[in-house]
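J.: Supplied in structure tokens, the structure appears directly below.
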Amino acid sequence: MIIMTNRYIKGVVTKGASRGCKMGFPTANILPPKGAILPDNGVYRTKVTLDGNTYNAITNIGINPTFGSNQKTVESHIFDFGMDIVGEEINIEIISFVRAERMFDNIYELVKQIKSDVAQVLAEIEESVTL
């Protein structure tokens, strides 16, 4: 079950298609039930909490149109994290909007955009630490 309140999403991590991992950006995936109220499809700077520990992350909410999917997912790439957390409950806090979800012509363009998104989020994190 996924729960969305204000700017928080809570749910159990499920096994995904491993596309993020193959592209160098492994994700913790949550499948929202039909009718769940979520933020607009897009990429967000987030914080993920697991077992009382909070990690910086970047999260995509949407249908992954580049891969022809129509299943809405919430996928978080947690920075500096390498544990398998399938079956674990996580809490995702939305910090800021990065960009709208869109379809890319190919996987190479998608990876290029993900790298740019990650760099933007890491710069925001660095800036917030130095303030």
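Order determines the names: the first chain of the structure tokens is A, the second B, and so forth; residues in each chain are numbered 1 upward, and ligands are numbered 1 upward as they are shown.
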Identify, on the basis of only C-alpha atoms, every residue whose closest approach to region 16-29 of chain A does not exceed 7 Å; exclude the query and any residue fewer than 3 positions from it along the same chain; express the result as a list in words.

T.: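 My list of contacting residues is Val13, Thr73, Val74, Glu75, Ser76, His77, Ile78 and Val111 of chain A.
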
J.: Per DSSP on the backbone, what are the helix (DSSP H, G or I) residues of region 23-115 of chain A, as a PyMOL selection string?

T.: chain A and resi 65-67+107-115

J.: Can you spit out the residues from that selection as a short mmCIF file (atom, residue, chain, number, x, y, z; two decimals), in the first residue's frame, using C-alpha atoms?

T.:
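The result, written out as result.cif:
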```
data_model
loop_
_atom_site.label_atom_id
_atom_site.label_comp_id
_atom_site.auth_asym_id
_atom_site.auth_seq_id
_atom_site.Cartn_x
_atom_site.Cartn_y
_atom_site.Cartn_z
CA PRO A 65 7.08 6.75 -21.41
CA THR A 66 10.49 6.10 -23.03
CA PHE A 67 9.97 2.40 -22.29
CA ILE A 107 17.99 5.34 -23.84
CA TYR A 108 21.17 7.38 -24.45
CA GLU A 109 19.22 10.64 -24.36
CA LEU A 110 17.43 9.46 -21.21
CA VAL A 111 20.71 8.62 -19.45
CA LYS A 112 22.14 12.01 -20.48
CA GLN A 113 19.09 13.73 -18.93
CA ILE A 114 19.25 11.62 -15.75
CA LYS A 115 22.91 12.60 -15.31
#
```

J.: Nearest to Val118 (chain A): which of A:Lys15, A:Arg7, A:Arg99, A:Lys34 is it, counting only C-alpha atoms?

T.: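 Nearest candidate to Val118 (chain A) out of A:Lys15, A:Arg7, A:Arg99, A:Lys34: A:Arg99.
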
J.: Ranking A:Ile37, A:Ile58, A:Ile63, A:Leu31 by minimum distance to Arg102 (chain A) and counting only C-alpha atoms, which one comes first?

T.: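 Closest candidate: A:Ile63.
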
J.: Would you compute the distance between CA of Asp105 (chain A) and CA of Asn64 (chain A)? Give it in Å to one decimal.

T.: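 These two atoms are separated by 12.5 Å.
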
J.: Which residues are close to Tyr55 (chain A), i.e. within 12 Å by only C-alpha atoms, leaving aside same-chain residues fewer than 6 positions away? Reply as a short mmCIF file (atom, residue, chain, number, x, y, z; two decimals) with N, CA and C atoms, in the first residue's frame.

T.:
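Listed below is the output, out30.cif:
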```cif
data_model
loop_
_atom_site.label_atom_id
_atom_site.label_comp_id
_atom_site.auth_asym_id
_atom_site.auth_seq_id
_atom_site.Cartn_x
_atom_site.Cartn_y
_atom_site.Cartn_z
N ARG A 45 13.56 16.30 -6.32
CA ARG A 45 14.58 16.13 -5.29
C ARG A 45 13.84 15.63 -4.07
N THR A 46 14.35 14.56 -3.45
CA THR A 46 13.66 13.94 -2.34
C THR A 46 14.63 13.53 -1.24
N LYS A 47 14.06 13.13 -0.12
CA LYS A 47 14.78 12.46 0.96
C LYS A 47 14.04 11.17 1.24
N VAL A 48 14.79 10.08 1.36
CA VAL A 48 14.19 8.77 1.64
C VAL A 48 14.61 8.34 3.04
N THR A 49 13.63 7.96 3.83
CA THR A 49 13.90 7.46 5.17
C THR A 49 13.61 5.97 5.22
N SER A 76 12.86 5.89 -6.67
CA SER A 76 13.83 6.75 -6.02
C SER A 76 15.24 6.19 -6.17
N HIS A 77 16.13 7.01 -6.72
CA HIS A 77 17.56 6.69 -6.75
C HIS A 77 18.16 7.35 -5.52
N ILE A 78 18.59 6.51 -4.57
CA ILE A 78 19.12 7.00 -3.31
C ILE A 78 20.63 7.17 -3.46
N PHE A 79 21.13 8.38 -3.20
CA PHE A 79 22.56 8.66 -3.37
C PHE A 79 23.39 7.92 -2.32
N ASP A 80 24.55 7.45 -2.77
CA ASP A 80 25.51 6.79 -1.87
C ASP A 80 24.85 5.67 -1.07
N PHE A 81 24.16 4.79 -1.78
CA PHE A 81 23.40 3.72 -1.14
C PHE A 81 23.51 2.47 -2.00
N GLY A 82 23.74 1.34 -1.42
CA GLY A 82 23.91 0.13 -2.22
C GLY A 82 23.21 -1.09 -1.68
N ILE A 90 9.61 2.36 2.98
CA ILE A 90 10.35 3.62 2.95
C ILE A 90 9.37 4.79 2.99
N ASN A 91 9.88 5.91 3.42
CA ASN A 91 9.14 7.16 3.44
C ASN A 91 9.90 8.14 2.54
N ILE A 92 9.21 8.69 1.55
CA ILE A 92 9.83 9.62 0.60
C ILE A 92 9.27 11.01 0.88
N GLU A 93 10.17 11.95 1.15
CA GLU A 93 9.78 13.35 1.36
C GLU A 93 10.15 14.14 0.12
N ILE A 125 21.72 20.20 -3.13
CA ILE A 125 22.05 19.66 -1.81
C ILE A 125 23.28 20.35 -1.27
#
```

J.: Using the chain letters and numbers from this document, which residues of region 2-127 of chain A does DSSP assign to strand (DSSP E or B), as a ChimeraX atom specification?

T.: /A:3-5,8-12,14,28-30,42-50,53-62,73-78,89-100

J.: Generate the output file for the selected residues, C-alpha atoms, as a PDB file, in the first residue's frame.

T.:
```
ATOM      1  CA  ILE A   3       0.225   6.481   1.363  1.00  0.00           C
ATOM      2  CA  MET A   4       0.573  10.088   0.168  1.00  0.00           C
ATOM      3  CA  THR A   5       0.140  12.879   2.679  1.00  0.00           C
ATOM      4  CA  TYR A   8       5.279  12.472   1.831  1.00  0.00           C
ATOM      5  CA  ILE A   9       4.886   9.105   0.113  1.00  0.00           C
ATOM      6  CA  LYS A  10       5.164   5.920   2.134  1.00  0.00           C
ATOM      7  CA  GLY A  11       5.198   2.422   0.670  1.00  0.00           C
ATOM      8  CA  VAL A  12       6.876  -0.948   0.411  1.00  0.00           C
ATOM      9  CA  THR A  14       8.933  -3.755  -4.898  1.00  0.00           C
ATOM     10  CA  ALA A  28      13.775   1.736  -4.977  1.00  0.00           C
ATOM     11  CA  ASN A  29      10.379   1.258  -6.629  1.00  0.00           C
ATOM     12  CA  ILE A  30       6.912   1.676  -5.167  1.00  0.00           C
ATOM     13  CA  GLY A  42       8.003  14.340 -12.995  1.00  0.00           C
ATOM     14  CA  VAL A  43      11.393  14.261 -11.340  1.00  0.00           C
ATOM     15  CA  TYR A  44      11.806  15.510  -7.775  1.00  0.00           C
ATOM     16  CA  ARG A  45      14.579  16.131  -5.286  1.00  0.00           C
ATOM     17  CA  THR A  46      13.658  13.942  -2.335  1.00  0.00           C
ATOM     18  CA  LYS A  47      14.784  12.462   0.956  1.00  0.00           C
ATOM     19  CA  VAL A  48      14.195   8.775   1.639  1.00  0.00           C
ATOM     20  CA  THR A  49      13.897   7.462   5.174  1.00  0.00           C
ATOM     21  CA  LEU A  50      14.509   3.790   5.913  1.00  0.00           C
ATOM     22  CA  ASN A  53      18.066   6.799   8.551  1.00  0.00           C
ATOM     23  CA  THR A  54      17.492   9.559   5.996  1.00  0.00           C
ATOM     24  CA  TYR A  55      19.233   9.698   2.609  1.00  0.00           C
ATOM     25  CA  ASN A  56      19.251  12.263  -0.188  1.00  0.00           C
ATOM     26  CA  ALA A  57      17.635  10.992  -3.367  1.00  0.00           C
ATOM     27  CA  ILE A  58      16.114  11.838  -6.722  1.00  0.00           C
ATOM     28  CA  THR A  59      12.672  10.431  -7.475  1.00  0.00           C
ATOM     29  CA  ASN A  60      10.697   9.950 -10.669  1.00  0.00           C
ATOM     30  CA  ILE A  61       6.931   9.767 -10.412  1.00  0.00           C
ATOM     31  CA  GLY A  62       5.288   8.653 -13.619  1.00  0.00           C
ATOM     32  CA  THR A  73       5.474   4.107 -10.438  1.00  0.00           C
ATOM     33  CA  VAL A  74       7.437   6.011  -7.823  1.00  0.00           C
ATOM     34  CA  GLU A  75      11.170   5.329  -8.307  1.00  0.00           C
ATOM     35  CA  SER A  76      13.833   6.755  -6.015  1.00  0.00           C
ATOM     36  CA  HIS A  77      17.560   6.689  -6.752  1.00  0.00           C
ATOM     37  CA  ILE A  78      19.124   7.004  -3.311  1.00  0.00           C
ATOM     38  CA  GLU A  89       8.949   0.211   3.867  1.00  0.00           C
ATOM     39  CA  ILE A  90      10.350   3.621   2.952  1.00  0.00           C
ATOM     40  CA  ASN A  91       9.137   7.163   3.435  1.00  0.00           C
ATOM     41  CA  ILE A  92       9.828   9.618   0.600  1.00  0.00           C
ATOM     42  CA  GLU A  93       9.778  13.347   1.358  1.00  0.00           C
ATOM     43  CA  ILE A  94       9.442  15.608  -1.655  1.00  0.00           C
ATOM     44  CA  ILE A  95      11.805  18.568  -1.346  1.00  0.00           C
ATOM     45  CA  SER A  96      11.534  20.270  -4.756  1.00  0.00           C
ATOM     46  CA  PHE A  97      10.395  19.792  -8.349  1.00  0.00           C
ATOM     47  CA  VAL A  98      13.174  19.244 -10.916  1.00  0.00           C
ATOM     48  CA  ARG A  99      11.327  18.745 -14.221  1.00  0.00           C
ATOM     49  CA  ALA A 100       8.274  17.218 -15.858  1.00  0.00           C
TER      50      ALA A 100
END
```

J.: Could you state the separation of CA of Asp84 (chain A) and CA of Ala123 (chain A) in Å, given to one decimal place?

T.: 26.4 Å

J.: What does the structure give for the distance between CA of Asn106 (chain A) and CA of Gly68 (chain A), in Å to one decimal?

T.: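 Computing it gives 11.5 Å between the two atoms.
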
J.: So which one's closest to Ile85 (chain A), A:Asp51, A:Asp40, A:Glu126, A:Glu101? Using only C-alpha atoms, please.

T.: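 The closest residue to Ile85 (chain A) is A:Asp51.
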